[in-house]
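First comes the structure, then the notes that go with it.
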Amino acid sequence: MQSKLAIEVAQAELDDASAACEVLRRSISEVCGPDYVEISGFLEDWLKNKTPANVAQWIQSPDTYFVIARVPSTEVVAGVGCLSKTGEILLCYVVPEYLGQGVGRAILDALVRKAHLWGILRLTALSTVTARKFYARQGFEQCGAPILEDGHEIEFPMAMERAT
């Protein structure tokens with residue numbers, strides 16, 4: 001495991017949409033994508049709505065809290081996250097070169113803090129195959145049967161109960 005970096009997590013602004021979109025597309029293609037190569041068209045479908053215009057809409061949505069994680073020494077956007085007001089973690093993605101350096105944890109911490117401010121006590125996520133161990137290390141537990149596509153496990157319902 002690599003050493004932890006200084007990470008700054010902040011609410012995304014409209015100007016961050018292109019960089020955030022690039023993080024999503026790279027993380028999906030390079031980190032998670034290999035787990036789904038046996039499912040024809042899966043990766044293409046997953047990436048279809050990951051456009052700067054759509055990300056801009058997600059950033060501006062009043063129903064979500066969208067964050068970016070920057071490495072201050074380089075100003076590189078290394079990860080993104082998004083929480084819905086229902087307590088669902090919609091996004092938590094990190095580019096490959098920053099995996100294992102605390103970026104994902106910093107994003108999740110920011111989302112958990114926001115959930116606390118919103119009075120949300122139960123967080124949920126549909127985890128990818130790749131992210132399942134990450135969520136488990138952060139205190140999430142699987143809370144349902146895996147979601148299948150073409151006989152392959154593609155997502156795992158995860159939840160974390162927060163203390164009051």
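In the structure tokens, chains take letters A, B, ... by order of appearance, with residues numbered from 1 within each chain and ligands from 1 in the order shown.
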
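Residues in contact with A:Pro72 at 9 Å, where only C-alpha atoms are counted and same-chain residues fewer than 2 positions away are skipped, are listed as Ala6, Ile7, Glu8, Arg70, Thr74, Glu75 and Val76 of chain A.
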
Test item: residues at most 9 Å from stretch 18-20 of chain A, only C-alpha atoms, excluding those fewer than 5 positions along its chain, as number ranges by chain: A: 12, 25, 51-53, 55-56, 67-68, 76-80

Kindly save the residues from that selection, with N, CA, C and O atoms included, as a compact mmCIF listing (two decimals), in the first residue's frame.
# COMPACT_ATOMS: atom_id res chain seq x y z
N ALA A 12 -18.20 20.18 -5.41
CA ALA A 12 -17.86 20.48 -6.80
C ALA A 12 -18.60 21.72 -7.28
O ALA A 12 -19.71 22.02 -6.83
N ARG A 25 -14.95 8.41 -15.98
CA ARG A 25 -14.69 7.57 -17.15
C ARG A 25 -13.42 6.73 -16.99
O ARG A 25 -13.41 5.55 -17.31
N THR A 51 -20.97 12.07 -19.25
CA THR A 51 -20.58 13.17 -20.13
C THR A 51 -20.42 14.42 -19.27
O THR A 51 -21.05 14.53 -18.20
N PRO A 52 -19.63 15.39 -19.72
CA PRO A 52 -19.51 16.63 -18.95
C PRO A 52 -20.87 17.31 -18.71
O PRO A 52 -21.11 17.84 -17.63
N ALA A 53 -21.77 17.25 -19.69
CA ALA A 53 -23.09 17.88 -19.53
C ALA A 53 -23.90 17.20 -18.43
O ALA A 53 -24.52 17.87 -17.60
N VAL A 55 -22.65 15.37 -15.92
CA VAL A 55 -21.98 15.61 -14.65
C VAL A 55 -22.30 17.01 -14.15
O VAL A 55 -22.53 17.21 -12.95
N ALA A 56 -22.37 17.98 -15.04
CA ALA A 56 -22.74 19.34 -14.64
C ALA A 56 -24.13 19.36 -14.01
O ALA A 56 -24.36 20.03 -13.00
N VAL A 67 -18.94 15.96 -4.66
CA VAL A 67 -17.63 16.46 -4.25
C VAL A 67 -16.54 16.00 -5.21
O VAL A 67 -16.69 15.00 -5.91
N ILE A 68 -15.45 16.78 -5.19
CA ILE A 68 -14.23 16.36 -5.89
C ILE A 68 -13.11 16.32 -4.87
O ILE A 68 -13.11 17.05 -3.88
N VAL A 76 -4.47 18.14 -9.20
CA VAL A 76 -5.11 17.07 -9.97
C VAL A 76 -6.40 16.65 -9.26
O VAL A 76 -6.41 16.49 -8.04
N VAL A 77 -7.47 16.49 -10.02
CA VAL A 77 -8.70 15.92 -9.47
C VAL A 77 -8.51 14.40 -9.51
O VAL A 77 -8.46 13.80 -10.57
N ALA A 78 -8.39 13.82 -8.32
CA ALA A 78 -8.06 12.41 -8.19
C ALA A 78 -9.28 11.53 -7.94
O ALA A 78 -9.21 10.31 -8.07
N GLY A 79 -10.41 12.15 -7.55
CA GLY A 79 -11.59 11.36 -7.27
C GLY A 79 -12.83 12.22 -7.17
O GLY A 79 -12.73 13.44 -7.07
N VAL A 80 -13.98 11.56 -7.22
CA VAL A 80 -15.26 12.23 -7.09
C VAL A 80 -16.19 11.38 -6.24
O VAL A 80 -16.04 10.17 -6.13

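Backbone DSSP over stretch 45-132 of chain A yields alpha helix (DSSP H) at A:Asp45, A:Trp46, A:Leu47, A:Pro52, A:Ala53, A:Asn54, A:Val55, A:Ala56, A:Gln57, A:Trp58, A:Ile59, A:Gln60, A:Val103, A:Gly104, A:Arg105, A:Ala106, A:Ile107, A:Leu108, A:Asp109, A:Ala110, A:Leu111, A:Val112, A:Arg113, A:Lys114, A:Ala115, A:His116, A:Leu117, A:Arg132.
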
Filtering to C-alpha atoms, could you give me those residues as a PDB file, in the first residue's frame?
ATOM      1  CA  ASP A  45     -23.663   1.156 -21.372  1.00  0.00           C
ATOM      2  CA  TRP A  46     -22.117   2.158 -18.037  1.00  0.00           C
ATOM      3  CA  LEU A  47     -20.119   4.962 -19.651  1.00  0.00           C
ATOM      4  CA  PRO A  52     -19.515  16.630 -18.951  1.00  0.00           C
ATOM      5  CA  ALA A  53     -23.087  17.884 -19.529  1.00  0.00           C
ATOM      6  CA  ASN A  54     -24.612  15.158 -17.355  1.00  0.00           C
ATOM      7  CA  VAL A  55     -21.977  15.606 -14.650  1.00  0.00           C
ATOM      8  CA  ALA A  56     -22.739  19.342 -14.642  1.00  0.00           C
ATOM      9  CA  GLN A  57     -26.416  18.507 -14.001  1.00  0.00           C
ATOM     10  CA  TRP A  58     -25.454  16.163 -11.138  1.00  0.00           C
ATOM     11  CA  ILE A  59     -23.250  18.872  -9.608  1.00  0.00           C
ATOM     12  CA  GLN A  60     -26.108  21.391  -9.746  1.00  0.00           C
ATOM     13  CA  VAL A 103      -8.519   9.509  -1.742  1.00  0.00           C
ATOM     14  CA  GLY A 104     -11.541   7.212  -1.577  1.00  0.00           C
ATOM     15  CA  ARG A 105     -11.575   7.363   2.219  1.00  0.00           C
ATOM     16  CA  ALA A 106     -11.390  11.187   2.142  1.00  0.00           C
ATOM     17  CA  ILE A 107     -14.332  11.319  -0.288  1.00  0.00           C
ATOM     18  CA  LEU A 108     -16.382   8.909   1.789  1.00  0.00           C
ATOM     19  CA  ASP A 109     -15.589  10.850   4.981  1.00  0.00           C
ATOM     20  CA  ALA A 110     -16.901  14.048   3.342  1.00  0.00           C
ATOM     21  CA  LEU A 111     -20.086  12.284   2.247  1.00  0.00           C
ATOM     22  CA  VAL A 112     -20.602  10.820   5.729  1.00  0.00           C
ATOM     23  CA  ARG A 113     -20.180  14.270   7.300  1.00  0.00           C
ATOM     24  CA  LYS A 114     -22.778  15.703   4.916  1.00  0.00           C
ATOM     25  CA  ALA A 115     -25.142  12.826   5.678  1.00  0.00           C
ATOM     26  CA  HIS A 116     -24.775  13.643   9.369  1.00  0.00           C
ATOM     27  CA  LEU A 117     -25.661  17.294   8.702  1.00  0.00           C
ATOM     28  CA  ARG A 132     -16.856  -4.042  -2.359  1.00  0.00           C
TER      29      ARG A 132
END

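Counting only C-alpha atoms, the residue from A:Leu14, A:Ala136, A:Leu5, A:Ala69 that sits nearest to A:Val95 is A:Ala69.
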
Using DSSP on the backbone coordinates, identify the residues of stretch 74-163 of chain A assigned to strand (DSSP E or B); present them as a ChimeraX atom specification. /A:76-84,88-94,122-127,141-142,147-149,152-161

Using only C-alpha atoms, which residues sit within 7 Å of stretch 149-163 of chain A once same-chain residues fewer than 2 positions away are excluded, as a PyMOL selection string? chain A and resi 39+121-129+139-147

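The spacing separating atom CA of A:Glu38 from atom CA of A:Tyr93 amounts to 21.8 Å.
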
Length of the atom CA of A:Trp118 to atom CA of A:Gly100 vector [Å]: 28.7 Å

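What separates atom CA of A:Glu97 from atom CA of A:Val23 is a distance of 11.0 Å.
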
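For the choices A:Gly41, A:Gly81, A:Gly119, A:Gly87, the atom-to-atom distance to A:Val9 is smallest for A:Gly81 when using only C-alpha atoms.
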
May I have the residues within 12 Å of A:Glu30 as a VMD selection string, using only C-alpha atoms and disregarding those fewer than 2 positions away in the same chain? chain A and resid 22 to 28 32 to 37 43 47 93 to 97 99 130
